[in-house]
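Below is the file my_file-v7.cif, which contains mmCIF, C-alpha atoms and all ligand atoms.
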```cif
data_final
#
loop_
_atom_site.group_PDB
_atom_site.id
_atom_site.type_symbol
_atom_site.label_atom_id
_atom_site.label_comp_id
_atom_site.auth_asym_id
_atom_site.auth_seq_id
_atom_site.Cartn_x
_atom_site.Cartn_y
_atom_site.Cartn_z
ATOM 1 C CA MET A 1 -74.292 32.059 -77.133
ATOM 2 C CA GLN A 2 -71.839 34.478 -78.744
ATOM 3 C CA PRO A 3 -73.404 36.559 -81.519
ATOM 4 C CA ASP A 4 -73.276 35.327 -85.127
ATOM 5 C CA VAL A 5 -72.173 31.740 -84.459
ATOM 6 C CA LYS A 6 -73.480 29.980 -87.537
ATOM 7 C CA ARG A 7 -71.183 27.130 -88.520
ATOM 8 C CA ALA A 8 -68.969 24.703 -86.664
ATOM 9 C CA LEU A 9 -66.318 22.285 -87.879
ATOM 10 C CA VAL A 10 -66.145 19.128 -85.771
ATOM 11 C CA PHE A 11 -63.208 16.740 -86.141
ATOM 12 C CA GLY A 12 -64.197 13.167 -85.270
ATOM 13 C CA GLY A 13 -67.948 13.748 -85.410
ATOM 14 C CA SER A 14 -68.513 10.024 -85.960
ATOM 15 C CA GLY A 15 -67.019 9.180 -82.548
ATOM 16 C CA VAL A 16 -68.851 8.822 -79.262
ATOM 17 C CA VAL A 17 -67.937 12.302 -78.027
ATOM 18 C CA GLY A 18 -68.145 13.906 -81.464
ATOM 19 C CA SER A 19 -71.655 12.515 -82.100
ATOM 20 C CA ALA A 20 -72.884 13.894 -78.786
ATOM 21 C CA VAL A 21 -71.305 17.258 -79.636
ATOM 22 C CA LEU A 22 -73.096 17.225 -83.000
ATOM 23 C CA GLY A 23 -76.373 16.562 -81.188
ATOM 24 C CA GLU A 24 -75.756 19.439 -78.796
ATOM 25 C CA LEU A 25 -74.877 21.813 -81.664
ATOM 26 C CA ALA A 26 -78.066 20.851 -83.521
ATOM 27 C CA ARG A 27 -80.090 21.464 -80.352
ATOM 28 C CA ARG A 28 -78.569 24.961 -80.201
ATOM 29 C CA GLY A 29 -79.267 25.673 -83.877
ATOM 30 C CA VAL A 30 -75.619 25.550 -85.035
ATOM 31 C CA HIS A 31 -74.912 23.791 -88.335
ATOM 32 C CA ALA A 32 -71.753 21.659 -88.469
ATOM 33 C CA VAL A 33 -69.435 20.151 -91.003
ATOM 34 C CA PHE A 34 -67.935 17.055 -89.375
ATOM 35 C CA THR A 35 -65.201 14.599 -90.221
ATOM 36 C CA TYR A 36 -65.217 10.837 -90.103
ATOM 37 C CA ARG A 37 -62.893 8.169 -91.399
ATOM 38 C CA ARG A 38 -64.112 4.578 -90.987
ATOM 39 C CA GLY A 39 -67.532 5.335 -89.527
ATOM 40 C CA GLU A 40 -69.282 6.018 -92.816
ATOM 41 C CA ASP A 41 -72.646 4.479 -91.870
ATOM 42 C CA ARG A 42 -72.708 6.294 -88.562
ATOM 43 C CA ALA A 43 -71.732 9.561 -90.260
ATOM 44 C CA HIS A 44 -74.608 9.300 -92.729
ATOM 45 C CA VAL A 45 -77.107 8.453 -89.979
ATOM 46 C CA LEU A 46 -75.925 11.531 -88.032
ATOM 47 C CA ALA A 47 -76.139 13.696 -91.132
ATOM 48 C CA ARG A 48 -79.727 12.576 -91.828
ATOM 49 C CA LYS A 49 -80.836 12.881 -88.228
ATOM 50 C CA LEU A 50 -79.168 16.195 -87.340
ATOM 51 C CA GLY A 51 -78.788 17.964 -90.686
ATOM 52 C CA HIS A 52 -75.001 18.284 -90.423
ATOM 53 C CA HIS A 53 -72.600 17.740 -93.312
ATOM 54 C CA PRO A 54 -70.123 14.793 -93.227
ATOM 55 C CA VAL A 55 -66.650 14.851 -94.817
ATOM 56 C CA GLN A 56 -64.416 11.789 -95.004
ATOM 57 C CA VAL A 57 -60.754 12.405 -94.289
ATOM 58 C CA ASP A 58 -57.782 10.556 -92.814
ATOM 59 C CA LEU A 59 -56.541 12.976 -90.164
ATOM 60 C CA ALA A 60 -53.192 11.170 -90.044
ATOM 61 C CA ASP A 61 -52.624 12.496 -93.562
ATOM 62 C CA ALA A 62 -51.475 16.130 -93.283
ATOM 63 C CA ALA A 63 -52.069 16.951 -96.961
ATOM 64 C CA ALA A 64 -55.614 15.521 -96.922
ATOM 65 C CA THR A 65 -56.402 17.339 -93.668
ATOM 66 C CA THR A 66 -55.109 20.639 -95.051
ATOM 67 C CA ALA A 67 -57.140 20.163 -98.243
ATOM 68 C CA MET A 68 -60.279 19.445 -96.189
ATOM 69 C CA LEU A 69 -59.682 22.645 -94.178
ATOM 70 C CA ASP A 70 -59.031 24.746 -97.268
ATOM 71 C CA ALA A 71 -62.334 23.557 -98.763
ATOM 72 C CA GLN A 72 -64.317 25.068 -95.868
ATOM 73 C CA GLY A 73 -66.186 28.342 -96.084
ATOM 74 C CA ALA A 74 -66.994 30.467 -93.049
ATOM 75 C CA ILE A 75 -66.465 28.597 -89.791
ATOM 76 C CA ASP A 76 -67.021 30.234 -86.392
ATOM 77 C CA VAL A 77 -66.130 27.305 -84.152
ATOM 78 C CA VAL A 78 -63.713 24.377 -84.450
ATOM 79 C CA ILE A 79 -64.125 21.418 -82.090
ATOM 80 C CA HIS A 80 -61.483 18.694 -82.300
ATOM 81 C CA CYS A 81 -62.867 15.388 -80.968
ATOM 82 C CA ALA A 82 -60.858 12.939 -83.068
ATOM 83 C CA GLY A 83 -58.505 10.661 -81.231
ATOM 84 C CA ILE A 84 -56.925 7.242 -81.092
ATOM 85 C CA SER A 85 -55.287 5.203 -78.395
ATOM 86 C CA ALA A 86 -54.386 1.555 -77.859
ATOM 87 C CA GLY A 87 -53.730 -0.278 -74.650
ATOM 88 C CA LEU A 88 -50.065 -0.908 -75.468
ATOM 89 C CA GLY A 89 -47.267 -0.981 -72.926
ATOM 90 C CA LEU A 90 -44.033 0.874 -73.649
ATOM 91 C CA THR A 91 -42.150 -2.171 -74.924
ATOM 92 C CA GLU A 92 -45.006 -3.097 -77.314
ATOM 93 C CA LEU A 93 -45.241 0.387 -78.760
ATOM 94 C CA ASP A 94 -43.648 0.749 -82.175
ATOM 95 C CA VAL A 95 -42.786 3.936 -84.033
ATOM 96 C CA ALA A 96 -45.758 3.555 -86.384
ATOM 97 C CA ALA A 97 -48.259 3.526 -83.485
ATOM 98 C CA TRP A 98 -46.472 6.492 -81.891
ATOM 99 C CA GLN A 99 -46.560 8.476 -85.133
ATOM 100 C CA GLU A 100 -50.201 7.662 -85.842
ATOM 101 C CA ALA A 101 -51.286 8.832 -82.374
ATOM 102 C CA MET A 102 -49.276 12.029 -82.773
ATOM 103 C CA ALA A 103 -50.703 12.659 -86.242
ATOM 104 C CA VAL A 104 -54.388 12.046 -85.440
ATOM 105 C CA ASN A 105 -54.438 13.445 -81.909
ATOM 106 C CA VAL A 106 -52.119 16.458 -82.264
ATOM 107 C CA GLN A 107 -50.889 17.171 -85.787
ATOM 108 C CA SER A 108 -54.446 17.541 -87.105
ATOM 109 C CA ALA A 109 -55.220 19.927 -84.219
ATOM 110 C CA PHE A 110 -52.112 21.948 -85.110
ATOM 111 C CA LEU A 111 -53.261 22.093 -88.750
ATOM 112 C CA ALA A 112 -56.693 23.303 -87.624
ATOM 113 C CA CYS A 113 -55.139 26.029 -85.442
ATOM 114 C CA ARG A 114 -52.832 27.097 -88.268
ATOM 115 C CA TRP A 115 -55.780 27.309 -90.654
ATOM 116 C CA VAL A 116 -57.787 29.391 -88.161
ATOM 117 C CA ALA A 117 -54.748 31.675 -87.660
ATOM 118 C CA ALA A 118 -54.273 32.189 -91.398
ATOM 119 C CA ARG A 119 -57.896 33.284 -91.795
ATOM 120 C CA GLY A 120 -57.421 35.775 -88.953
ATOM 121 C CA ARG A 121 -61.110 36.030 -88.010
ATOM 122 C CA ARG A 122 -62.869 35.535 -84.682
ATOM 123 C CA CYS A 123 -63.146 31.850 -83.886
ATOM 124 C CA ASP A 124 -63.360 29.523 -80.914
ATOM 125 C CA VAL A 125 -61.240 26.384 -80.990
ATOM 126 C CA VAL A 126 -61.834 23.581 -78.489
ATOM 127 C CA LEU A 127 -59.413 20.649 -78.423
ATOM 128 C CA VAL A 128 -60.920 17.632 -76.676
ATOM 129 C CA GLY A 129 -58.426 15.333 -74.999
ATOM 130 C CA GLY A 130 -57.816 13.280 -71.923
ATOM 131 C CA LEU A 131 -55.090 14.890 -69.826
ATOM 132 C CA ASP A 132 -54.966 18.007 -67.730
ATOM 133 C CA ARG A 133 -51.392 19.375 -67.680
ATOM 134 C CA THR A 134 -51.158 18.797 -63.926
ATOM 135 C CA GLN A 135 -52.526 15.233 -63.800
ATOM 136 C CA SER A 136 -50.502 12.093 -63.145
ATOM 137 C CA LEU A 137 -52.383 9.145 -64.649
ATOM 138 C CA PRO A 138 -51.555 5.579 -65.776
ATOM 139 C CA LEU A 139 -52.161 6.158 -69.505
ATOM 140 C CA PRO A 140 -50.565 4.500 -72.571
ATOM 141 C CA VAL A 141 -47.365 6.446 -73.298
ATOM 142 C CA HIS A 142 -48.163 7.473 -76.878
ATOM 143 C CA PHE A 143 -51.649 8.659 -75.911
ATOM 144 C CA ALA A 144 -50.375 10.552 -72.853
ATOM 145 C CA ALA A 145 -47.600 12.238 -74.846
ATOM 146 C CA SER A 146 -50.072 13.322 -77.512
ATOM 147 C CA GLN A 147 -52.399 14.713 -74.863
ATOM 148 C CA GLY A 148 -49.593 16.668 -73.200
ATOM 149 C CA ALA A 149 -48.755 18.158 -76.599
ATOM 150 C CA LEU A 150 -52.427 18.987 -77.231
ATOM 151 C CA ALA A 151 -52.677 20.903 -73.957
ATOM 152 C CA ALA A 152 -49.440 22.802 -74.638
ATOM 153 C CA LEU A 153 -50.610 23.547 -78.187
ATOM 154 C CA ALA A 154 -53.774 25.148 -76.785
ATOM 155 C CA MET A 155 -51.727 27.277 -74.384
ATOM 156 C CA ALA A 156 -49.226 28.554 -76.952
ATOM 157 C CA ALA A 157 -51.734 29.046 -79.803
ATOM 158 C CA ALA A 158 -53.984 30.980 -77.416
ATOM 159 C CA HIS A 159 -51.182 33.450 -76.702
ATOM 160 C CA GLU A 160 -50.447 33.911 -80.372
ATOM 161 C CA LEU A 161 -54.075 34.216 -81.517
ATOM 162 C CA GLY A 162 -55.800 36.069 -78.680
ATOM 163 C CA ARG A 163 -55.221 39.465 -80.333
ATOM 164 C CA LEU A 164 -57.318 38.237 -83.285
ATOM 165 C CA ASP A 165 -60.249 37.395 -80.961
ATOM 166 C CA ILE A 166 -59.495 33.720 -81.424
ATOM 167 C CA ARG A 167 -59.810 31.581 -78.305
ATOM 168 C CA VAL A 168 -58.084 28.209 -78.086
ATOM 169 C CA ASN A 169 -58.817 25.945 -75.132
ATOM 170 C CA ALA A 170 -58.692 22.260 -74.318
ATOM 171 C CA ILE A 171 -61.030 19.971 -72.419
ATOM 172 C CA ALA A 172 -59.600 16.989 -70.559
ATOM 173 C CA LEU A 173 -62.214 14.285 -70.215
ATOM 174 C CA GLY A 174 -62.229 11.455 -67.735
ATOM 175 C CA PRO A 175 -63.365 7.962 -68.739
ATOM 176 C CA LEU A 176 -66.848 7.863 -70.238
ATOM 177 C CA GLU A 177 -69.318 4.990 -70.504
ATOM 178 C CA ALA A 178 -68.349 4.533 -74.163
ATOM 179 C CA GLY A 179 -65.662 5.510 -76.620
ATOM 180 C CA ILE A 180 -61.908 5.517 -76.524
ATOM 181 C CA SER A 181 -61.439 4.625 -72.843
ATOM 182 C CA THR A 182 -63.350 1.351 -73.180
ATOM 183 C CA GLY A 183 -59.992 0.106 -74.543
ATOM 184 C CA LEU A 184 -58.599 0.345 -71.000
ATOM 185 C CA ALA A 185 -58.352 -2.856 -68.974
ATOM 186 C CA ALA A 186 -61.447 -3.477 -66.806
ATOM 187 C CA ARG A 187 -59.326 -3.192 -63.634
ATOM 188 C CA ARG A 188 -58.008 0.199 -64.725
ATOM 189 C CA ARG A 189 -61.521 1.458 -65.495
ATOM 190 C CA LYS A 190 -62.602 0.324 -62.022
ATOM 191 C CA ASP A 191 -59.657 2.260 -60.506
ATOM 192 C CA TYR A 192 -60.816 5.427 -62.275
ATOM 193 C CA GLU A 193 -64.315 4.979 -60.869
ATOM 194 C CA THR A 194 -63.031 4.340 -57.363
ATOM 195 C CA PHE A 195 -60.839 7.440 -57.368
ATOM 196 C CA SER A 196 -63.242 9.829 -59.068
ATOM 197 C CA ALA A 197 -65.195 12.042 -56.708
ATOM 198 C CA LEU A 198 -68.459 11.177 -58.486
ATOM 199 C CA ARG A 199 -67.627 7.413 -58.496
ATOM 200 C CA ARG A 200 -68.842 6.838 -62.042
ATOM 201 C CA PRO A 201 -67.814 7.212 -65.685
ATOM 202 C CA GLY A 202 -69.191 10.165 -67.607
ATOM 203 C CA LYS A 203 -71.892 10.199 -70.258
ATOM 204 C CA ALA A 204 -71.104 11.577 -73.695
ATOM 205 C CA ALA A 205 -74.206 13.800 -73.578
ATOM 206 C CA GLU A 206 -73.135 15.518 -70.360
ATOM 207 C CA VAL A 207 -69.561 16.224 -71.509
ATOM 208 C CA ALA A 208 -70.923 17.468 -74.843
ATOM 209 C CA LYS A 209 -72.755 20.217 -72.954
ATOM 210 C CA ALA A 210 -69.466 21.412 -71.416
ATOM 211 C CA ILE A 211 -67.720 21.248 -74.804
ATOM 212 C CA ALA A 212 -70.524 23.198 -76.509
ATOM 213 C CA TRP A 213 -70.517 25.804 -73.735
ATOM 214 C CA LEU A 214 -66.771 26.369 -74.130
ATOM 215 C CA ALA A 215 -67.094 26.557 -77.909
ATOM 216 C CA LEU A 216 -70.184 28.761 -78.085
ATOM 217 C CA GLU A 217 -70.430 30.822 -74.931
ATOM 218 C CA ASN A 218 -66.971 31.350 -73.501
ATOM 219 C CA THR A 219 -65.551 34.838 -73.892
ATOM 220 C CA PHE A 220 -62.648 35.068 -71.409
ATOM 221 C CA ILE A 221 -61.163 31.600 -70.811
ATOM 222 C CA GLN A 222 -58.051 31.406 -72.984
ATOM 223 C CA GLY A 223 -55.316 28.801 -73.386
ATOM 224 C CA LYS A 224 -56.572 26.615 -70.555
ATOM 225 C CA VAL A 225 -57.317 22.950 -70.030
ATOM 226 C CA ILE A 226 -60.719 22.491 -68.409
ATOM 227 C CA ALA A 227 -61.062 19.118 -66.670
ATOM 228 C CA VAL A 228 -64.470 17.501 -67.180
ATOM 229 C CA ASN A 229 -63.885 14.219 -65.428
ATOM 230 C CA GLY A 230 -66.140 13.686 -62.420
ATOM 231 C CA GLY A 231 -63.417 14.841 -60.057
ATOM 232 C CA ILE A 232 -60.353 12.732 -60.833
HETATM 233 N N1 LIG A 301 -64.570 8.301 -74.392
HETATM 234 C C1 LIG A 301 -63.772 8.474 -73.327
HETATM 235 O O1 LIG A 301 -63.896 7.777 -72.311
HETATM 236 C C2 LIG A 301 -62.699 9.541 -73.348
HETATM 237 C C3 LIG A 301 -61.943 9.715 -72.195
HETATM 238 C C4 LIG A 301 -60.925 10.645 -72.209
HETATM 239 C C5 LIG A 301 -60.701 11.410 -73.331
HETATM 240 N N2 LIG A 301 -61.454 11.238 -74.439
HETATM 241 C C6 LIG A 301 -61.127 12.049 -75.628
HETATM 242 O O2 LIG A 301 -62.265 12.375 -76.385
HETATM 243 C C7 LIG A 301 -61.938 12.381 -77.767
HETATM 244 C C8 LIG A 301 -62.953 11.526 -78.515
HETATM 245 O O3 LIG A 301 -62.939 10.230 -77.991
HETATM 246 P P1 LIG A 301 -64.147 9.223 -78.278
HETATM 247 O O4 LIG A 301 -64.387 8.473 -77.035
HETATM 248 O O5 LIG A 301 -65.261 9.919 -78.945
HETATM 249 O O6 LIG A 301 -63.432 8.237 -79.303
HETATM 250 P P2 LIG A 301 -64.098 7.329 -80.427
HETATM 251 O O7 LIG A 301 -65.528 7.069 -80.139
HETATM 252 O O8 LIG A 301 -63.164 6.196 -80.605
HETATM 253 O O9 LIG A 301 -64.041 8.281 -81.724
HETATM 254 C C9 LIG A 301 -62.807 8.631 -82.283
HETATM 255 C C10 LIG A 301 -63.046 9.566 -83.436
HETATM 256 O O10 LIG A 301 -61.786 9.852 -84.059
HETATM 257 C C11 LIG A 301 -61.891 9.549 -85.445
HETATM 258 N N3 LIG A 301 -60.605 9.093 -85.984
HETATM 259 C C12 LIG A 301 -59.752 8.188 -85.471
HETATM 260 N N4 LIG A 301 -58.700 8.024 -86.288
HETATM 261 C C13 LIG A 301 -58.914 8.843 -87.353
HETATM 262 C C14 LIG A 301 -58.188 9.120 -88.537
HETATM 263 N N5 LIG A 301 -57.004 8.532 -88.830
HETATM 264 N N6 LIG A 301 -58.692 10.018 -89.396
HETATM 265 C C15 LIG A 301 -59.880 10.625 -89.146
HETATM 266 N N7 LIG A 301 -60.607 10.412 -88.043
HETATM 267 C C16 LIG A 301 -60.121 9.523 -87.154
HETATM 268 C C17 LIG A 301 -62.936 8.452 -85.542
HETATM 269 O O11 LIG A 301 -63.441 8.404 -86.869
HETATM 270 P P3 LIG A 301 -64.093 7.040 -87.484
HETATM 271 O O12 LIG A 301 -64.731 6.308 -86.343
HETATM 272 O O13 LIG A 301 -65.074 7.559 -88.479
HETATM 273 O O14 LIG A 301 -62.960 6.294 -88.128
HETATM 274 C C18 LIG A 301 -63.947 8.969 -84.525
HETATM 275 O O15 LIG A 301 -64.725 9.982 -85.110
HETATM 276 C C19 LIG A 301 -60.485 11.873 -77.899
HETATM 277 O O16 LIG A 301 -59.639 12.957 -78.053
HETATM 278 C C20 LIG A 301 -60.214 11.232 -76.553
HETATM 279 O O17 LIG A 301 -58.889 11.376 -76.160
HETATM 280 C C21 LIG A 301 -62.453 10.319 -74.488
#
```

As structure tokens, what does this structure read like?
Ligand SMILES: NC(=O)c1ccc[n+]([C@@H]2O[C@H](COP(=O)([O-])OP(=O)(O)OC[C@H]3O[C@@H](n4cnc5c(N)ncnc54)[C@H](OP(=O)(O)O)[C@@H]3O)[C@@H](O)[C@H]2O)c1
Amino acid sequence: MQPDVKRALVFGGSGVVGSAVLGELARRGVHAVFTYRRGEDRAHVLARKLGHHPVQVDLADAAATTAMLDAQGAIDVVIHCAGISAGLGLTELDVAAWQEAMAVNVQSAFLACRWVAARGRRCDVVLVGGLDRTQSLPLPVHFAASQGALAALAMAAAHELGRLDIRVNAIALGPLEAGISTGLAARRRKDYETFSALRRPGKAAEVAKAIAWLALENTFIQGKVIAVNGGI
């Protein structure tokens, strides 16, 4: 682990991936502040069990997200695991759903990167998403577009912030046993399993180890998307 990592900020800690990340951070002795929105009960269970600190915020609301960030003290690591999707086809997708996906999945990550940049201190930022920049996958359009933007955000922010010893990277997950991708049609989930080299969905606990490694131990990967997807 890098020296002096004491506190993490985890967006979407109440989610399947975020909860596993919180568990992994606790195991490694790192205290976290984590966000939730609707999952209040789950957030309080996690806080009691792991000793982390929950904060309720709507990440689609830029002002509320900025206020939440500005209320934080020293943070050494930011892990963005909040995300939404919906199994909508292009003709069913309205502007509100598009804007919400962009706000939760990307705008809040941009606000986090901007906040880290303004503080100008060493930090590791990991943006958890679902699309490697080179992949071609049958994803809902609004989700895919937000994930492409997330990956490009990591690349460009990494160039701008590297001189401050700030690393920004993304992780592109494949379908897991639980969480956001359970909204995919059963046939589509089966396709992913068939075409993944490991022939199975991932477990939140195993991807959390990769996320924690990138957040806590990486020193020279910068601006990249690391695929953690069983070989899709
Ligand atoms: N699970 C998978 O199979 C999979 C596959 C590929 C990529 N990923 C990526 O992994 C990340 C996490 O996914 P997940 O499976 O953990 O999803 P999840 O279990 O559905 O959790 C989503 C998280 O985002 C939070 N969230 C959603 N809308 C919010 C809003 N408006 N304001 C604040 N928080 C909000 C949720 O908070 P509340 O529940 O408290 O409202 C929850 O903490 C996403 O970026 C996703 O793209 C996951």

Quiz prompt | d(CA of Leu59 in chain A, CA of Ala227 in chain A) in Å | solution =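 About the pair CA of Leu59 in chain A and CA of Ala227 in chain A: they are 24.7 Å apart.
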
Practice problem: Excluding Lys224 in chain A and residues on its chain fewer than 3 positions from it, collect all residues at most 12 Å away from it, counting only C-alpha atoms, and give them as a PyMOL selection string. | Solution: chain A and resi 125-128+131-134+150-159+167-172+214+218+220-221+227

Which residues of chain A sit at most 6 Å from ligand LIG 301 (chain A), using all atoms listed in the file? Give each one's shortest atom pair and distance in Å (one decimal place), in chain and ascending residue order, as CSV.
```
residue,atom,partner,partner_atom,distance
A:Gly12,CA,A:LIG301,O15,3.2
A:Gly13,CA,A:LIG301,O15,5.0
A:Ser14,CA,A:LIG301,O15,3.9
A:Gly15,CA,A:LIG301,O9,3.2
A:Val16,CA,A:LIG301,O5,3.8
A:Val17,CA,A:LIG301,O5,3.7
A:Gly18,CA,A:LIG301,O5,5.5
A:Tyr36,CA,A:LIG301,O13,3.7
A:Arg37,CA,A:LIG301,O13,3.7
A:Arg38,CA,A:LIG301,O14,3.5
A:Gly39,CA,A:LIG301,O13,3.5
A:Val57,CA,A:LIG301,C15,5.5
A:Asp58,CA,A:LIG301,N6,3.6
A:Leu59,CA,A:LIG301,N6,3.7
A:Ala60,CA,A:LIG301,N5,4.8
A:Cys81,CA,A:LIG301,C7,4.5
A:Ala82,CA,A:LIG301,O10,3.4
A:Gly83,CA,A:LIG301,C19,4.1
A:Ile84,CA,A:LIG301,C12,5.3
A:Val104,CA,A:LIG301,N5,5.5
A:Val128,CA,A:LIG301,O16,5.0
A:Gly129,CA,A:LIG301,O16,4.1
A:Gly130,CA,A:LIG301,C5,3.7
A:Leu173,CA,A:LIG301,C4,4.3
A:Gly174,CA,A:LIG301,C4,4.7
A:Pro175,CA,A:LIG301,O1,3.6
A:Leu176,CA,A:LIG301,O1,3.6
A:Ala178,CA,A:LIG301,N1,5.3
A:Gly179,CA,A:LIG301,O4,3.3
A:Ile180,CA,A:LIG301,O4,3.9
A:Ser181,CA,A:LIG301,O1,4.0
```

Quiz item: What residues have an atom no more than 6 Å from (-65.2, 21.1, -86.5) in the file's own frame, counting only C-alpha atoms, and can you write them as a list in words?
Solution: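 The answer, in the requested form, is Ala8, Leu9, Val10, Phe11, Phe34, Val78 and Ile79 of chain A.
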
Practice problem: Might you pull out every residue within 9 Å of range 136-144 of chain A, with all atoms listed in the file counted and same-chain residues fewer than 6 positions away left off, and present them as a ChimeraX atom specification? | Solution: /A:83-90,93,97-99,101-102,105,130,184,188

Quiz item: What does the distance from CA of Val228 in chain A to CA of Cys123 in chain A come to in Å, to one decimal?
Solution: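 CA of Cys123 in chain A lies 22.1 Å from CA of Val228 in chain A.
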
Quiz item: Any chance you could work out the residue set of the PyMOL selection byres (((chain A and resi 6) around 9) and not hetatm) here, as number ranges by chain?
Solution: A: 3-5, 7-8, 29-32, 74-77

Any chance you can output those residues with C-alpha atoms as a PDB file, in the coordinates of the input?
```pdb
ATOM      1  CA  PRO A   3     -73.404  36.559 -81.519  1.00  0.00           C
ATOM      2  CA  ASP A   4     -73.276  35.327 -85.127  1.00  0.00           C
ATOM      3  CA  VAL A   5     -72.173  31.740 -84.459  1.00  0.00           C
ATOM      4  CA  ARG A   7     -71.183  27.130 -88.520  1.00  0.00           C
ATOM      5  CA  ALA A   8     -68.969  24.703 -86.664  1.00  0.00           C
ATOM      6  CA  GLY A  29     -79.267  25.673 -83.877  1.00  0.00           C
ATOM      7  CA  VAL A  30     -75.619  25.550 -85.035  1.00  0.00           C
ATOM      8  CA  HIS A  31     -74.912  23.791 -88.335  1.00  0.00           C
ATOM      9  CA  ALA A  32     -71.753  21.659 -88.469  1.00  0.00           C
ATOM     10  CA  ALA A  74     -66.994  30.467 -93.049  1.00  0.00           C
ATOM     11  CA  ILE A  75     -66.465  28.597 -89.791  1.00  0.00           C
ATOM     12  CA  ASP A  76     -67.021  30.234 -86.392  1.00  0.00           C
ATOM     13  CA  VAL A  77     -66.130  27.305 -84.152  1.00  0.00           C
TER      14      VAL A  77
END
```

Just the residues within 7 Å of Ala208 in chain A, please, counting all atoms listed in the file, with nothing from its chain fewer than 5 positions along; format it as a short mmCIF file (atom, residue, chain, number, x, y, z; two decimals) with C-alpha atoms, keeping the file's coordinate frame.
```
data_model
loop_
_atom_site.label_atom_id
_atom_site.label_comp_id
_atom_site.auth_asym_id
_atom_site.auth_seq_id
_atom_site.Cartn_x
_atom_site.Cartn_y
_atom_site.Cartn_z
CA VAL A 17 -67.94 12.30 -78.03
CA ALA A 20 -72.88 13.89 -78.79
CA VAL A 21 -71.31 17.26 -79.64
CA GLU A 24 -75.76 19.44 -78.80
#
```

Practice problem: Using all atoms listed in the file, determine which residues lie at most 12 Å from Phe195 in chain A, disregarding the query and same-chain residues fewer than 3 positions distant; provide the list as JSON, numbers by chain. | Solution: {"A": [137, 174, 175, 188, 189, 190, 191, 192, 198, 199, 200, 201, 229, 230, 231, 232]}

Quiz item: What is the distance between CA of Asp70 in chain A and CA of Glu100 in chain A, in Å to one decimal?
Solution: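 CA of Glu100 in chain A lies 22.4 Å from CA of Asp70 in chain A.
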
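Using all atoms listed in the file, the shortest contact distance between Ala71 in chain A and any of A:Asp124, A:Trp213, A:Val207, A:Trp115 is found at A:Trp115.
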
Check which residues satisfy the PyMOL selection byres (((chain A and resi 44) around 12) and not hetatm) in the file shown, then give them as a PDB file with C-alpha atoms, keeping the file's coordinate frame.
```pdb
ATOM      1  CA  GLY A  13     -67.948  13.748 -85.410  1.00  0.00           C
ATOM      2  CA  SER A  14     -68.513  10.024 -85.960  1.00  0.00           C
ATOM      3  CA  SER A  19     -71.655  12.515 -82.100  1.00  0.00           C
ATOM      4  CA  PHE A  34     -67.935  17.055 -89.375  1.00  0.00           C
ATOM      5  CA  THR A  35     -65.201  14.599 -90.221  1.00  0.00           C
ATOM      6  CA  TYR A  36     -65.217  10.837 -90.103  1.00  0.00           C
ATOM      7  CA  ARG A  37     -62.893   8.169 -91.399  1.00  0.00           C
ATOM      8  CA  ARG A  38     -64.112   4.578 -90.987  1.00  0.00           C
ATOM      9  CA  GLY A  39     -67.532   5.335 -89.527  1.00  0.00           C
ATOM     10  CA  GLU A  40     -69.282   6.018 -92.816  1.00  0.00           C
ATOM     11  CA  ASP A  41     -72.646   4.479 -91.870  1.00  0.00           C
ATOM     12  CA  ARG A  42     -72.708   6.294 -88.562  1.00  0.00           C
ATOM     13  CA  ALA A  43     -71.732   9.561 -90.260  1.00  0.00           C
ATOM     14  CA  VAL A  45     -77.107   8.453 -89.979  1.00  0.00           C
ATOM     15  CA  LEU A  46     -75.925  11.531 -88.032  1.00  0.00           C
ATOM     16  CA  ALA A  47     -76.139  13.696 -91.132  1.00  0.00           C
ATOM     17  CA  ARG A  48     -79.727  12.576 -91.828  1.00  0.00           C
ATOM     18  CA  LYS A  49     -80.836  12.881 -88.228  1.00  0.00           C
ATOM     19  CA  LEU A  50     -79.168  16.195 -87.340  1.00  0.00           C
ATOM     20  CA  GLY A  51     -78.788  17.964 -90.686  1.00  0.00           C
ATOM     21  CA  HIS A  52     -75.001  18.284 -90.423  1.00  0.00           C
ATOM     22  CA  HIS A  53     -72.600  17.740 -93.312  1.00  0.00           C
ATOM     23  CA  PRO A  54     -70.123  14.793 -93.227  1.00  0.00           C
ATOM     24  CA  VAL A  55     -66.650  14.851 -94.817  1.00  0.00           C
ATOM     25  CA  GLN A  56     -64.416  11.789 -95.004  1.00  0.00           C
TER      26      GLN A  56
END
```

Self-check item: Residue nearest Ile226 in chain A among A:Ser108, A:Ala186, A:Ser146, A:Gln135 (counting only C-alpha atoms)
Solution: A:Gln135

Centre, x/y/z edge lengths, axis-aligned box for range 127-140 of chain A with 4 Å per side, as JSON:
```
{"center_x": -55.7, "center_y": 12.6, "center_z": -70.8, "size_x": 18.4, "size_y": 24.1, "size_z": 23.3}
```

Practice problem: Select, from A:Ala212, A:Leu161, A:Lys203, A:Thr219, the residue with the minimum atom-to-atom distance to Ala118 in chain A, counting all atoms listed in the file. | Solution: A:Leu161

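You can rank A:Ala103, A:Leu25, A:Met68, A:Val225 by their closest distance to Ala145 in chain A using only C-alpha atoms, and at the top of that list sits A:Ala103.
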